[in-house]
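First comes the structure, then the notes that go with it.
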There are 4 protein chains.
Amino acid sequence: MSGNSFGTLYCVTSFGESHGPAYGGVVDGCPPGLELSAHDIQAELDRRKPGSSRHVTQRRETDTIEILSGVYEGRTTGTAIGFLIRNEDQRSKDYSAIAEKFRPGHADYTYWQKYGIRDARGGGRASARETVVRVAAGAIAKKWLRERYGVQVRGYLAELGQHKIAFKSWNDVSANPFFAPNAQRVAQLEKIMDELRESGDSCGARVNVVGTGVPVGWGEPVYGRLDADIAAAMMSINAVKGVEIGAGFACIGQKGSEHGDEMTPQGFASNNNGGVLGGISTGQDVAVSIALKPTSSIRLPRRTIDVRGNATTIETTGRHDPCVGIRATPIAEAMLACVLMDHALRHRAQCADVTPPTQGRKPQ
Amino acid sequence: MSGNSFGTLYCVTSFGESHGPAYGGVVDGCPPGLELSAHDIQAELDRRKPGSSRHVTQRRETDTIEILSGVYEGRTTGTAIGFLIRNEDQRSKDYSAIAEKFRPGHADYTYWQKYGIRDARGGGRASARETVVRVAAGAIAKKWLRERYGVQVRGYLAELGQHKIAFKSWNDVSANPFFAPNAQRVAQLEKIMDELRESGDSCGARVNVVGTGVPVGWGEPVYGRLDADIAAAMMSINAVKGVEIGAGFACIGQKGSEHGDEMTPQGFASNNNGGVLGGISTGQDVAVSIALKPTSSIRLPRRTIDVRGNATTIETTGRHDPCVGIRATPIAEAMLACVLMDHALRHRAQCADVTPPTQGRKPQ
Amino acid sequence: MSGNSFGTLYCVTSFGESHGPAYGGVVDGCPPGLELSAHDIQAELDRRKPGSSRHVTQRRETDTIEILSGVYEGRTTGTAIGFLIRNEDQRSKDYSAIAEKFRPGHADYTYWQKYGIRDARGGGRASARETVVRVAAGAIAKKWLRERYGVQVRGYLAELGQHKIAFKSWNDVSANPFFAPNAQRVAQLEKIMDELRESGDSCGARVNVVGTGVPVGWGEPVYGRLDADIAAAMMSINAVKGVEIGAGFACIGQKGSEHGDEMTPQGFASNNNGGVLGGISTGQDVAVSIALKPTSSIRLPRRTIDVRGNATTIETTGRHDPCVGIRATPIAEAMLACVLMDHALRHRAQCADVTPPTQGRKPQ
Amino acid sequence: MSGNSFGTLYCVTSFGESHGPAYGGVVDGCPPGLELSAHDIQAELDRRKPGSSRHVTQRRETDTIEILSGVYEGRTTGTAIGFLIRNEDQRSKDYSAIAEKFRPGHADYTYWQKYGIRDARGGGRASARETVVRVAAGAIAKKWLRERYGVQVRGYLAELGQHKIAFKSWNDVSANPFFAPNAQRVAQLEKIMDELRESGDSCGARVNVVGTGVPVGWGEPVYGRLDADIAAAMMSINAVKGVEIGAGFACIGQKGSEHGDEMTPQGFASNNNGGVLGGISTGQDVAVSIALKPTSSIRLPRRTIDVRGNATTIETTGRHDPCVGIRATPIAEAMLACVLMDHALRHRAQCADVTPPTQGRKPQ
């Protein structure tokens with residue numbers, strides 16, 4: 001399987017470029033009988049959409065989804081779900097000034113070296129606009145997980161640059177364009193973003209994602225671990241440079257007597273492991289945290305080379321998010337949902353006949 | 001493909017349990033013609049071996065590898081390389097006292113819930129002893145990468161519990177049982193470990209791994225990213241709770257003007273991206289860092305439940321590493337080597353006919 | 001990987017239903033730099049198109065392909081090639097009379113049982129119209145194989161019902177709507193088809209496909225054999241019930257002294273093995289033959305049951321090919337081309353460094 | 001996934017060579033809780049074993065299986081089942097005379113060209129002895145299918161060279177070394193084989209395999225069809241040159257009114273489709289037929305070339321089956337069982353929640 005698909009049983013295949021006519025995808029393996037309409041997916045796409053606030057790219061896209069197959073009379077049929085999202089604002093004039101220069105921190109150099117092809121119009125296949133496909137596939141996974149298993153997948157912005165945002169409430173998350181879990185911090189975040197945009201620079205972010213209600217037992221040992229698949233899914237998101245499960249890097253400084261989550265008849269006493277032990281879900285929250293690097297395309301001048309290898313400088317104007325992390329929450333949720341759904345299917349394939357040994361008295 | 005295999009073209013399949021007769025594996029996809037002997041693999045296995053110092057488990061294993069196929073007259077044939085590592089010290093008497101209790105932070109609970117099977121003898125398939133298979137497969141990958149592309153894969157212990165170990169030299173790494181990159185710190189590390197063992201507790205660790213000499217162009221866009229596959233490979237190692245590429249989580253607090261690695265005719269000016277842009281190698285060092293949690297099996301008493309769901313306490317005696325991170329360096333190297341080799345093969349499959357556009361004047 | 005994708009490195013993913021808005025596909029893994037236009041693909045689609053003669057379904061479709069990604073300035077970029085073929089004539093009124101009855105020999109019963117969903121409009125995902133996606137993917141593979149390796153993939157109708165058609169010339173194949181390799185037989189074939197249509201019945205067919213110029217060495221031993229992948233690809237075509245390589249079933253009655261192709265300095269003396277030995281191409285023609293069953297949807301009344309399990313009879317009127325085998329030649333060619341391309345890529349991934357031992361003096 | 005593995009969820013990985021120390025395999029994905037002992041597998045291996053009659057190779061092998069993992073206290077644990085079968089009679093002296101000559105119809109030429117490696121000792125990885133691994137994996141699949149779903153997989157020799165053997169009874173099959181379904185024909189078959197052996201020649205064979213009790217609904221549409229996977233599995237068996245499902249090639253000469261199996265409230269009235277419609281099982285017998293070519297290694301002299309490309313002749317003495325088809329029945333059964341089990345798991349992954357619409361009144 002080549003690089004534009006992911007998932008074993010809930011399998012997503014993606015295509016499209018930022019300056020081409022459309023993005024699209026194929027979701028294969030969705031169980032039949034799930035109620036599904038374009039509206040279900042659109043709602044998630046709208047959360048990720050550009051232009052939703054002054055703090056993100058002003059590229060004008062409605063991101064309207066068209067379902068082309070796999071749904072009949074409002075229900076999934078069990079066959080491949082094909083969908084299309086037309087690009088409406090794919091003007092490439094912004095890029096003429098930098099057509100022959102590489103952008104520091106950007107993938108144009110590596111794509112060029114790998115494929116011997118240079119697309120002067122912009123991000124091409126490397127554009128973060130590809131994440132529309134992930135969000136669409138994730139919307140289906142979210143709905144199925146919720147209806148079939150009561151699993152909920154939610155995320156929020158935990159850090160904006162050097163500013164930590166303490167979690168206050170899930171309700172706050174949906175009430176601001178940052179997905180910040182604390183409404184009282186929003187004014188400050190707006191100010192940070194305004195200053196950042198004015199300065200011509202960009203900043204990084206941390207996004208946390210949580211799967212709640214995941215049953216114990218999802219995940220496969222050794223290489224097919226639930227957390228290994230989550231790590232790949234998260235690291236495959238544009239700009240992600242780090243992934244943590246549970247305590248993550250904090251576990252380095254922990255003692256075993258502190259890290260190892262004690263068990264009681266009422267459930268686990270803590271969740272340092274992030275809901276995964278030995279690659280298999282514990283029944284606790286699956287807790288994931290990711291680091292997103294600052295946007296590469298900034299207005300400040302930077303040293304670079306051109307396609308002939310000569311030294312030059314570059315300033316990127318155009319419609320770029322000054323912090324890609326701001327729109328990353330629905331994307332990270334989508335990836336977690338897809339991985340969880342894949343493992344739900346894989347688990348019941350192999351273990352459909354297992355009677356859970358502690359039925360009725362299991363922890364958590 | 002189920003959970004005991006990984007890799008697309010350089011594909012490793014693993015089997016074995018800590019208290020069964022043997023571990024073994026199958027390496028599929030290795031190019032023909034590579035000089036390979038059991039000795040090449042044994043050298044790597046010996047680096048990971050238990051009993052190599054007083055700071056690791058005293059389980060007595062020679063970890064002797066037997067190559068069963070795929071090598072003829074000292075060279076790989078291109079067909080499946082099967083190998084076996086017999087368990088020599090699989091006594092299970094140590095476990096009788098805890099046969100009916102779950103160990104906090106350990107996978108025995110999740111395996112039991114998933115499969116409905118309880119192996120009272122110990123870690124079973126979840127044991128970190130499975131990593132012998134990874135190290136064996138990685139030894140082949142390392143050799144091929146070195147001979148075919150001049151790629152070198154090396155790692156070291158960067159943090160032991162709350163103690164950071166500054167990198168001094170690669171020579172130091174091989175001269176101490178901790179894989180510490182600074183010989184002057186070894187006495188201190190020994191003291192830390194002695195105290196830890198006496199206290200009956202355990203601690204976490206950070207291991208850094210670096211691939212040097214990786215050509216530009218390895219990795220596939222979107223989901224098959226080089227860093228996504230690295231993340232999965234690392235997170236699949238027992239006890240790993242976090243993975244970073246390049247600047248990793250530090251990128252959150254960086255500005256774009258700081259993070260985006262500038263390019264010059266002499267190469268990249270920095271390596272915040274860890275040698276990967278857009279999922280494709282840049283030609284710089286591929287830099288990976290992982291967090292390993294403290295060993296779950298500790299002597300200190302902890303609250304837990306038994307198989308009937310009743311509250312109890314547990315103290316794990318036995319032969320456990322007080323810091324699993326100490327022996328993790330060769331394992332992490334092995335995983336990185338396997339991923340790099342897989343992508344080397346995948347890259348030349350698709351792009352064998354590409355003439356690199358900047359031949360002779362490319363950065364770095 | 002679920003059922004709507006095939007191929008390991010040249011990977012095709014398909015979606016669409018006969019009465020939905022569109023078919024489409026994603027081709028992943030195509031090497032960059034291949035000159036490719038919609039016209040290249042359209043030419044192959046036109047060979048498969050309905051309505052091309054009075055002997056095939058009169059459904060009116062232009063089968064116009066729209067390439068949505070993966071091609072830039074007339075060349076493949078190495079990223080996913082997405083494409084779309086809109087359905088233009090998806091009226092479903094023809095099916096109202098049989099909405100509640102199962103059609104003997106048709107997949108409506110098994111889909112209903114598997115998925116619990118009944119699409120009363122017709123073939124749905126099981127329709128042979130899905131083969132547009134295969135033909136499109138195959139057109140790209142054919143072009144690449146021809147330009148990169150000089151491989152040519154061609155097929156012809158070898159039997160129409162009980163009538164064998166001896167091979168005369170490849171030129172004849174393209175000069176008649178049956179893909180018959182003998183122009184002198186065309187009038188007779190038209191007569192057979194006219195009688196068949198009048199009778200309200202259908203007939204089977206045999207199609208032969210040949211890959212010429214395939215280098216020695218493509219294919220992987222044991223399970224990943226070239227012929228195993230060809231067999232799967234062919235059997236996955238709608239209506240195919242048998243696949244042969246080389247002598248095929250005739251080998252049962254052959255002696256070893258007759259079947260085993262002798263070798264001479266000028267090459268193999270015969271090709272009973274169909275260009276594959278031990279799953280690896282020999283350098284000879286890769287020769288494949290398939291059996292296609294008679295169309296299931298016929299006008300003659302047949303016994304069947306309805307969705308409530310009651311006995312009834314059915315007569316299928318509508319726009320069905322009386323012999324699906326007539327339009328199968330470009331489809332079978334496409335599938336062979338895709339498999340060959342996949343193995344070309346897989347071979348050079350593993351064996352790029354092998355110097356063929358008989359360079360310059362190898363048989364054939 | 002490279003060529004030495006097959007199956008999506010019930011995944012078999014194989015290694016070993018005819019003149020190496022051992023064959024072995026890893027079965028991944030087997031559900032936990034299946035009672036399994038070495039004896040269960042040994043019984044199937046003994047059916048395939050060389051030396052079981054004077055009509056097959058006299059190589060002396062006990063084919064003793066050693067289970068190395070994945071079974072605990074007599075039950076599968078759900079983790080990888082590793083197993084080993086030591087070669088006991090791997091003498092290679094027989095091959096010295098032909099070390100530099102290619103054997104017509106044999107894979108030594110293609111392996112040499114592909115990998116650049118020549119193993120002068122014999123079949124190496126291409127040897128049909130590899131089928132021990134398939135039979136072992138198939139034994140587990142057969143047991144699970146029988147116990148979990150009541151599915152039975154059985155085969156028989158349907159043609160020996162030009163001699164058809166009419167099916168009489170399953171009881172007869174197990175009572176003779178040919179797997180002939182008609183005891184009265186055994187004396188004649190022995191005579192044919194004796195004459196063949198004396199003549200120094202070999203002959204082909206047809207083996208039929210049937211899966212009984214397969215529920216309706218197994219198989220995935222389009223490319224992941226049940227019959228497509230069966231075709232690949234069968235064609236991957238050494239010496240197989242053709243695969244048929246149901247009527248197979250006979251469907252070419254059938255009319256639609258004859259081929260399309262009518263349905264009645266009591267079930268399908270016939271089984272031309274071989275238990276598969278649209279790639280999905282119908283609930284009828286899954287009926288497969290394969291053609292096996294005559295053994296390539298024969299005593300009669302044949303024209304060939306040597307490794308320098310010079311013309312020569314070859315006579316193969318040694319311990320070869322004069323008809324490989326005779327021992328193929330348990331192998332073909334094993335492959336069918338593996339594919340059915342894989343699809344059983346895949347089906348319940350996706351469709352576990354489907355209520356079969358005709359519960360209680362479905363055909364057959």
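Convention: chains lettered A, B, ... in structure tokens order; per-chain residue numbering from 1; ligands numbered from 1 as shown.
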
Inset, instruction - Would you kindly report the residues of chain D within 6 Å of chain B, using only C-alpha atoms, as a PyMOL selection string? - result: chain D and resi 1-2+8-9+15-16+21+29+32+68-69+80+82+115

Legend entry - Polymer residues at most 9 Å from D:Asn182, only C-alpha atoms, same-chain spacing of 5 or more positions, as a VMD selection string: chain D and resid 165 to 173

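Here atom CA of B:Ala205 is placed at a distance of 26.9 Å from atom CA of B:Asn87.
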
Legend entry - Residue contacts of stretch 214-216 of chain C (7 Å, only C-alpha atoms) excluding same-chain residues fewer than 3 positions away, as a list in words: Val151, Gly211, Ser281, Thr282, Gly283, Gln284 and Asp285 of chain C; Thr110 and Gln113 of chain D

Just to be explicit: take each residue in the selection above, keep N, CA and C atoms, and write the result as a PDB file, in the first residue's frame.
```pdb
ATOM      1  N   VAL C 151       7.247  -3.032 -22.738  1.00  0.00           N
ATOM      2  CA  VAL C 151       6.268  -4.110 -22.547  1.00  0.00           C
ATOM      3  C   VAL C 151       4.954  -3.726 -23.225  1.00  0.00           C
ATOM      4  N   GLY C 211       1.207 -10.454 -22.339  1.00  0.00           N
ATOM      5  CA  GLY C 211       2.201  -9.407 -22.063  1.00  0.00           C
ATOM      6  C   GLY C 211       3.487  -9.746 -22.799  1.00  0.00           C
ATOM      7  N   SER C 281       8.763 -14.127 -13.865  1.00  0.00           N
ATOM      8  CA  SER C 281       8.700 -14.064 -15.323  1.00  0.00           C
ATOM      9  C   SER C 281       9.980 -14.622 -15.937  1.00  0.00           C
ATOM     10  N   THR C 282       9.799 -15.284 -17.082  1.00  0.00           N
ATOM     11  CA  THR C 282      10.925 -15.946 -17.756  1.00  0.00           C
ATOM     12  C   THR C 282      11.540 -15.092 -18.859  1.00  0.00           C
ATOM     13  N   GLY C 283      10.862 -14.034 -19.236  1.00  0.00           N
ATOM     14  CA  GLY C 283      11.290 -13.254 -20.392  1.00  0.00           C
ATOM     15  C   GLY C 283      10.464 -13.577 -21.625  1.00  0.00           C
ATOM     16  N   GLN C 284       9.709 -14.648 -21.568  1.00  0.00           N
ATOM     17  CA  GLN C 284       8.790 -14.997 -22.659  1.00  0.00           C
ATOM     18  C   GLN C 284       7.488 -14.202 -22.518  1.00  0.00           C
ATOM     19  N   ASP C 285       6.590 -14.404 -23.480  1.00  0.00           N
ATOM     20  CA  ASP C 285       5.258 -13.803 -23.355  1.00  0.00           C
ATOM     21  C   ASP C 285       4.562 -14.305 -22.099  1.00  0.00           C
TER      22      ASP C 285
ATOM     23  N   THR D 110      14.776 -18.733 -13.389  1.00  0.00           N
ATOM     24  CA  THR D 110      14.195 -17.421 -13.055  1.00  0.00           C
ATOM     25  C   THR D 110      14.714 -16.893 -11.717  1.00  0.00           C
ATOM     26  N   GLN D 113      18.118 -15.450 -12.422  1.00  0.00           N
ATOM     27  CA  GLN D 113      18.052 -14.172 -13.123  1.00  0.00           C
ATOM     28  C   GLN D 113      17.554 -13.065 -12.202  1.00  0.00           C
TER      29      GLN D 113
END
```

Mind checking which residues fall within 8 Å of A:Ala287, counting only C-alpha atoms, ignoring those fewer than 3 positions away in the same chain, and posting them as an mmCIF file with all heavy atoms, in the first residue's frame?
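As written to disk, result_36.cif reads:
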```cif
data_model
loop_
_atom_site.group_PDB
_atom_site.id
_atom_site.type_symbol
_atom_site.label_atom_id
_atom_site.label_comp_id
_atom_site.auth_asym_id
_atom_site.auth_seq_id
_atom_site.Cartn_x
_atom_site.Cartn_y
_atom_site.Cartn_z
ATOM 1 N N ASN A 208 -4.291 18.697 22.250
ATOM 2 C CA ASN A 208 -4.591 17.451 22.956
ATOM 3 C C ASN A 208 -5.868 16.835 22.373
ATOM 4 O O ASN A 208 -6.811 17.556 22.054
ATOM 5 C CB ASN A 208 -4.801 17.710 24.454
ATOM 6 C CG ASN A 208 -3.491 18.078 25.141
ATOM 7 O OD1 ASN A 208 -2.415 17.946 24.560
ATOM 8 N ND2 ASN A 208 -3.590 18.556 26.381
ATOM 9 N N VAL A 209 -5.864 15.539 22.260
ATOM 10 C CA VAL A 209 -7.060 14.829 21.770
ATOM 11 C C VAL A 209 -7.362 13.679 22.715
ATOM 12 O O VAL A 209 -6.434 13.006 23.183
ATOM 13 C CB VAL A 209 -6.870 14.244 20.360
ATOM 14 C CG1 VAL A 209 -8.198 14.143 19.638
ATOM 15 C CG2 VAL A 209 -5.873 15.031 19.550
ATOM 16 N N VAL A 210 -8.607 13.464 22.945
ATOM 17 C CA VAL A 210 -9.025 12.450 23.910
ATOM 18 C C VAL A 210 -10.142 11.593 23.320
ATOM 19 O O VAL A 210 -11.107 12.129 22.759
ATOM 20 C CB VAL A 210 -9.536 13.123 25.211
ATOM 21 C CG1 VAL A 210 -9.979 12.065 26.223
ATOM 22 C CG2 VAL A 210 -8.469 14.016 25.813
ATOM 23 N N GLY A 211 -9.984 10.299 23.427
ATOM 24 C CA GLY A 211 -11.065 9.384 23.085
ATOM 25 C C GLY A 211 -11.688 8.858 24.361
ATOM 26 O O GLY A 211 -11.011 8.191 25.145
ATOM 27 N N ILE A 245 1.578 9.872 24.330
ATOM 28 C CA ILE A 245 0.420 9.140 24.846
ATOM 29 C C ILE A 245 0.492 9.246 26.367
ATOM 30 O O ILE A 245 1.548 8.983 26.953
ATOM 31 C CB ILE A 245 0.472 7.658 24.427
ATOM 32 C CG1 ILE A 245 0.656 7.503 22.916
ATOM 33 C CG2 ILE A 245 -0.764 6.908 24.935
ATOM 34 C CD1 ILE A 245 -0.544 7.812 22.077
ATOM 35 N N GLY A 246 -0.605 9.625 26.986
ATOM 36 C CA GLY A 246 -0.638 9.720 28.444
ATOM 37 C C GLY A 246 0.389 10.705 28.968
ATOM 38 O O GLY A 246 0.494 11.830 28.481
ATOM 39 N N GLY A 274 -2.271 6.865 29.540
ATOM 40 C CA GLY A 274 -3.054 7.405 28.444
ATOM 41 C C GLY A 274 -4.021 6.428 27.826
ATOM 42 O O GLY A 274 -4.337 6.522 26.646
ATOM 43 N N GLY A 275 -4.481 5.494 28.640
ATOM 44 C CA GLY A 275 -5.513 4.593 28.129
ATOM 45 C C GLY A 275 -5.010 3.448 27.295
ATOM 46 O O GLY A 275 -5.796 2.765 26.647
#
```

Could you give me, as a PDB file with N, CA and C atoms, in the first residue's frame, each residue of stretch 72-160 of chain D that DSSP assigns to strand (DSSP E) when run on this structure's backbone?
```pdb
ATOM      1  N   TYR D  72      -1.040 -21.690  24.712  1.00  0.00           N
ATOM      2  CA  TYR D  72      -0.765 -21.799  26.150  1.00  0.00           C
ATOM      3  C   TYR D  72      -1.809 -22.695  26.790  1.00  0.00           C
ATOM      4  N   ARG D  75      -4.480 -23.974  24.363  1.00  0.00           N
ATOM      5  CA  ARG D  75      -5.375 -23.080  23.624  1.00  0.00           C
ATOM      6  C   ARG D  75      -4.578 -21.950  22.984  1.00  0.00           C
ATOM      7  N   THR D  76      -5.046 -21.510  21.830  1.00  0.00           N
ATOM      8  CA  THR D  76      -4.412 -20.360  21.194  1.00  0.00           C
ATOM      9  C   THR D  76      -4.634 -19.128  22.067  1.00  0.00           C
ATOM     10  N   ILE D  81       1.427 -17.438  16.222  1.00  0.00           N
ATOM     11  CA  ILE D  81       1.767 -18.856  16.380  1.00  0.00           C
ATOM     12  C   ILE D  81       2.980 -19.143  15.505  1.00  0.00           C
ATOM     13  N   GLY D  82       4.119 -19.328  16.140  1.00  0.00           N
ATOM     14  CA  GLY D  82       5.332 -19.674  15.392  1.00  0.00           C
ATOM     15  C   GLY D  82       5.539 -21.176  15.430  1.00  0.00           C
ATOM     16  N   PHE D  83       5.968 -21.743  14.311  1.00  0.00           N
ATOM     17  CA  PHE D  83       6.211 -23.190  14.326  1.00  0.00           C
ATOM     18  C   PHE D  83       7.389 -23.537  13.425  1.00  0.00           C
ATOM     19  N   LEU D  84       7.944 -24.710  13.660  1.00  0.00           N
ATOM     20  CA  LEU D  84       9.159 -25.131  12.985  1.00  0.00           C
ATOM     21  C   LEU D  84       9.017 -26.581  12.544  1.00  0.00           C
ATOM     22  N   ILE D  85       9.525 -26.878  11.359  1.00  0.00           N
ATOM     23  CA  ILE D  85       9.584 -28.258  10.859  1.00  0.00           C
ATOM     24  C   ILE D  85      11.009 -28.469  10.353  1.00  0.00           C
ATOM     25  N   ARG D  86      11.783 -29.210  11.088  1.00  0.00           N
ATOM     26  CA  ARG D  86      13.177 -29.440  10.727  1.00  0.00           C
ATOM     27  C   ARG D  86      13.266 -30.316   9.469  1.00  0.00           C
ATOM     28  N   GLN D 152     -16.473 -27.313   6.491  1.00  0.00           N
ATOM     29  CA  GLN D 152     -15.589 -28.430   6.230  1.00  0.00           C
ATOM     30  C   GLN D 152     -14.886 -28.189   4.893  1.00  0.00           C
ATOM     31  N   VAL D 153     -13.595 -28.406   4.851  1.00  0.00           N
ATOM     32  CA  VAL D 153     -12.839 -28.212   3.610  1.00  0.00           C
ATOM     33  C   VAL D 153     -12.215 -29.538   3.211  1.00  0.00           C
ATOM     34  N   ARG D 154     -12.603 -30.023   2.052  1.00  0.00           N
ATOM     35  CA  ARG D 154     -12.130 -31.333   1.602  1.00  0.00           C
ATOM     36  C   ARG D 154     -11.767 -31.312   0.131  1.00  0.00           C
ATOM     37  N   GLY D 155     -10.838 -32.150  -0.262  1.00  0.00           N
ATOM     38  CA  GLY D 155     -10.459 -32.199  -1.669  1.00  0.00           C
ATOM     39  C   GLY D 155     -10.218 -33.619  -2.131  1.00  0.00           C
ATOM     40  N   TYR D 156     -10.016 -33.762  -3.425  1.00  0.00           N
ATOM     41  CA  TYR D 156      -9.725 -35.089  -3.979  1.00  0.00           C
ATOM     42  C   TYR D 156      -9.068 -34.950  -5.345  1.00  0.00           C
ATOM     43  N   LEU D 157      -8.451 -36.014  -5.767  1.00  0.00           N
ATOM     44  CA  LEU D 157      -7.822 -36.076  -7.080  1.00  0.00           C
ATOM     45  C   LEU D 157      -8.901 -36.359  -8.130  1.00  0.00           C
ATOM     46  N   ALA D 158      -9.103 -35.446  -9.054  1.00  0.00           N
ATOM     47  CA  ALA D 158     -10.183 -35.608 -10.028  1.00  0.00           C
ATOM     48  C   ALA D 158      -9.682 -36.129 -11.365  1.00  0.00           C
ATOM     49  N   GLU D 159      -8.422 -35.866 -11.667  1.00  0.00           N
ATOM     50  CA  GLU D 159      -7.831 -36.394 -12.907  1.00  0.00           C
ATOM     51  C   GLU D 159      -6.365 -36.705 -12.645  1.00  0.00           C
ATOM     52  N   LEU D 160      -5.914 -37.850 -13.163  1.00  0.00           N
ATOM     53  CA  LEU D 160      -4.488 -38.192 -13.112  1.00  0.00           C
ATOM     54  C   LEU D 160      -4.035 -38.311 -14.556  1.00  0.00           C
TER      55      LEU D 160
END
```

Legend entry - C:Leu226 environment, 12 Å, only C-alpha atoms, sequence neighbours closer than 5 positions dropped, as a ChimeraX atom specification: /C:7,214,216-221,231-233,245,274-282,286-288,336-344,346-347 /D:3,110,232-233,235-236

Legend entry - Residues of stretch 115-186 of chain B in helix (DSSP H, G or I), written as a VMD selection string: chain B and resid 115 124 to 126 128 to 149 170 to 173 183 to 186

Inset, instruction - Excluding A:Gly150 and any residue of its chain fewer than 2 positions from it, enumerate the residues within 9 Å of it, using only C-alpha atoms, and give them as a PyMOL selection string. - result: chain A and resi 144-148+152+212-214

For the residues in that selection, give me N, CA, C and O atoms as a tab-separated table (two decimals), in the first residue's frame.
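Final output, part33.tsv:
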```tsv
chain	number	residue	atom	x	y	z
A	144	TRP	N	-19.76	6.73	13.62
A	144	TRP	CA	-19.90	5.30	13.85
A	144	TRP	C	-19.47	4.92	15.27
A	144	TRP	O	-20.15	4.17	15.96
A	145	LEU	N	-18.34	5.46	15.69
A	145	LEU	CA	-17.85	5.16	17.04
A	145	LEU	C	-18.86	5.59	18.10
A	145	LEU	O	-19.08	4.90	19.10
A	146	ARG	N	-19.46	6.75	17.88
A	146	ARG	CA	-20.40	7.28	18.86
A	146	ARG	C	-21.66	6.43	18.91
A	146	ARG	O	-22.12	6.03	19.97
A	147	GLU	N	-22.20	6.11	17.70
A	147	GLU	CA	-23.46	5.38	17.67
A	147	GLU	C	-23.29	3.92	18.05
A	147	GLU	O	-24.17	3.32	18.66
A	148	ARG	N	-22.19	3.33	17.66
A	148	ARG	CA	-22.01	1.90	17.89
A	148	ARG	C	-21.43	1.58	19.26
A	148	ARG	O	-21.78	0.58	19.88
A	152	GLN	N	-16.49	8.90	22.21
A	152	GLN	CA	-16.48	10.29	21.81
A	152	GLN	C	-15.02	10.73	21.61
A	152	GLN	O	-14.16	10.41	22.44
A	212	THR	N	-12.97	9.14	24.55
A	212	THR	CA	-13.65	8.75	25.78
A	212	THR	C	-14.62	7.60	25.48
A	212	THR	O	-15.28	7.62	24.45
A	213	GLY	N	-14.68	6.65	26.39
A	213	GLY	CA	-15.63	5.54	26.21
A	213	GLY	C	-15.08	4.40	25.39
A	213	GLY	O	-15.81	3.48	25.03
A	214	VAL	N	-13.78	4.45	25.09
A	214	VAL	CA	-13.16	3.35	24.33
A	214	VAL	C	-13.17	2.09	25.18
A	214	VAL	O	-12.65	2.10	26.30
```
